[in-house]
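Student: Please find one structure pasted underneath; my questions will follow.
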Amino acid sequence: MTAQPDTVTTRVRTAQHPKARQSPAARAAARAGGGAVRAFLVLVGLFWLMPAFGLLISSLRGSSDIAGSGWWQVFTRPAQLTTENYRQLLENEAITDSLLSTVMITVPATVLVVMIGALAGYAFAWMDFPGRDWWFLVVVGLLVVPVQVALVPVSKLFGVVGIFETTLGVVLFHVAFGLPFAIFLLRNFFAEIPRELLEAARLDGAGEIRLFARVVLPLGAPAIASLGIFQFLWVWNDMLVALIFADSESAPITVALQRQVRQFGNNIDVLAPGAFLSMVIPLAVFFAFQRQFVSGVMAGAVK
């Protein structure tokens, strides 16, 4: 009679833990399946990184070696590797100036979009003002406006104002087209914050500015980080807007590389290191903030 409770307890524990009922063969198959998935993901990652790796190897080879054979030949002839291309690149004022111009365009455009988008997203989510819902519908409608539609009218407007072919004009264009998505994203994220938390902060005497800075911004950090990464990558890799609104003195790296092709033809010894340098910086930014990016994506998926 005393063994029955133990038997019942064992059955309950077995029912609560299905893995305990699996045979050794089933557990081995599960482990093998997990290992196969990891191996597949590693192969996908390596395949995705292969063009970047090939560009890196090409940037370290001479122009004659690049014209004579593929970049994989470096594994059999490692003597081809040289840093001469990067030395010539750093001596090319057009490329170095364009890198500085890219930073001067990308950083303000990203910071302004994040700041203004966060303020507007909080206002649309938690502040009452006349026509709030209608204004938000206007913002949503602006998401479908393509960049190409605004190139001609905005060019004429910037020409009248006097900021056409300037860094300020490029920054303002990126900010204007980045704000609808930023407001839409952050408004939906901020709206999921519990109302009780905000009301408790107001009862403690927090005003709207303090509430936004001390409560909303820390809770919305993952979404803000994701938005910052998206905006940074979009502005850094853009060529169409910069090609139209920037002059030769304020052109970013994408336009500078395009002009190098047009001016010198097939000068791969300059283009390869320049292209890799323009690509490695956004990759470094992405990998540096990948935890915040994943947190923002997962939080948005859960919400």
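Residues are named by chain letter and number: chains run A, B, ... in the order of the structure tokens, numbers start at 1 in each chain, and ligands are numbered from 1 in the order shown.
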As a ChimeraX atom specification, which residues of segment 144-266 of chain A does DSSP assign to helix (DSSP H, G or I)?
Tutor: /A:147-161,167-190,195-203,208-219,221-236,240-245,253-264
Student: Report as a VMD selection string all protein, DNA and RNA residues lying within 8 Å of Phe232 of chain A, evaluated on only C-alpha atoms, omitting residues in the same chain fewer than 5 positions from it.
Tutor: chain A and resid 106 to 107 109 to 110 282
Student: Find the residues near Phe190 of chain A: any atom within 10 Å, counting only C-alpha atoms, skip ones fewer than 3 places away on the same chain, and give them as a VMD selection string.
Tutor: chain A and resid 118 121 to 126 185 to 187 193 to 194 216 to 217 219 to 220 223
Student: Using only C-alpha atoms, can you tell me which of A:Phe230, A:Pro252, A:Val44, A:Arg259 comes closest to Phe289 of chain A?
Tutor: A:Phe230
Student: Return the single residue from A:Ile244, A:Val280, A:Ile95, A:Ile209 that is closest to Lys156 of chain A, with distances computed using only C-alpha atoms.
Tutor: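 Smallest separation from Lys156 of chain A among the options: A:Ile244.
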Student: Counting only C-alpha atoms, figure out which residue out of A:Trp71, A:Glu249, A:Ser63, A:Asp128 gets nearest to Met50 of chain A.
Tutor: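 Smallest distance to Met50 of chain A is found for A:Trp71.
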Student: Pick out the residues sitting within 7 Å of segment 140-149 of chain A, and hand them over as an mmCIF file with all heavy atoms, in the first residue's frame; count only C-alpha atoms, and ignore anything fewer than 5 positions along from it in its own chain.
Tutor:
```cif
data_model
loop_
_atom_site.group_PDB
_atom_site.id
_atom_site.type_symbol
_atom_site.label_atom_id
_atom_site.label_comp_id
_atom_site.auth_asym_id
_atom_site.auth_seq_id
_atom_site.Cartn_x
_atom_site.Cartn_y
_atom_site.Cartn_z
ATOM 1 N N PRO A 180 8.394 59.057 -41.707
ATOM 2 C CA PRO A 180 7.137 58.287 -41.664
ATOM 3 C C PRO A 180 7.310 56.880 -41.099
ATOM 4 O O PRO A 180 6.525 56.449 -40.241
ATOM 5 C CB PRO A 180 6.696 58.264 -43.134
ATOM 6 C CG PRO A 180 7.280 59.492 -43.714
ATOM 7 C CD PRO A 180 8.596 59.663 -43.039
ATOM 8 N N PHE A 181 8.317 56.160 -41.542
ATOM 9 C CA PHE A 181 8.543 54.821 -41.008
ATOM 10 C C PHE A 181 8.935 54.875 -39.540
ATOM 11 O O PHE A 181 8.509 54.042 -38.733
ATOM 12 C CB PHE A 181 9.637 54.119 -41.811
ATOM 13 C CG PHE A 181 10.015 52.774 -41.259
ATOM 14 C CD1 PHE A 181 9.180 51.677 -41.392
ATOM 15 C CD2 PHE A 181 11.225 52.607 -40.585
ATOM 16 C CE1 PHE A 181 9.529 50.442 -40.868
ATOM 17 C CE2 PHE A 181 11.582 51.376 -40.063
ATOM 18 C CZ PHE A 181 10.728 50.288 -40.201
ATOM 19 N N PHE A 184 5.790 55.640 -37.460
ATOM 20 C CA PHE A 184 4.903 54.477 -37.470
ATOM 21 C C PHE A 184 5.436 53.368 -36.567
ATOM 22 O O PHE A 184 4.699 52.781 -35.772
ATOM 23 C CB PHE A 184 4.756 53.972 -38.905
ATOM 24 C CG PHE A 184 3.956 52.717 -39.033
ATOM 25 C CD1 PHE A 184 2.572 52.746 -38.955
ATOM 26 C CD2 PHE A 184 4.583 51.495 -39.233
ATOM 27 C CE1 PHE A 184 1.822 51.580 -39.079
ATOM 28 C CE2 PHE A 184 3.853 50.329 -39.347
ATOM 29 C CZ PHE A 184 2.462 50.372 -39.266
#
```
Student: From the options A:Pro51, A:Val139, A:Phe287, A:Ala272, which residue's atoms come nearest to Thr83 of chain A, counting only C-alpha atoms?
Tutor: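 Closest to Thr83 of chain A of all the choices is A:Ala272.
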Student: Have a look at atom CA of Val74 of chain A and atom CA of Gly54 of chain A and let me know their distance in Å, one decimal.
Tutor: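 For atom CA of Val74 of chain A relative to atom CA of Gly54 of chain A, the distance reads 10.3 Å.
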Student: Using only C-alpha atoms, pick whichever of A:Pro130, A:Gly205, A:Pro78, A:Gly162 has the shortest atom-to-atom distance to Leu60 of chain A.
Tutor: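 Using only C-alpha atoms, Leu60 of chain A sits closest to A:Pro78.
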Student: For a quick check of understanding, using only C-alpha atoms, which of A:Val171, A:Ile268, A:Ala201, A:Ile163 has the smallest distance to Val103 of chain A?
Tutor: A:Val171
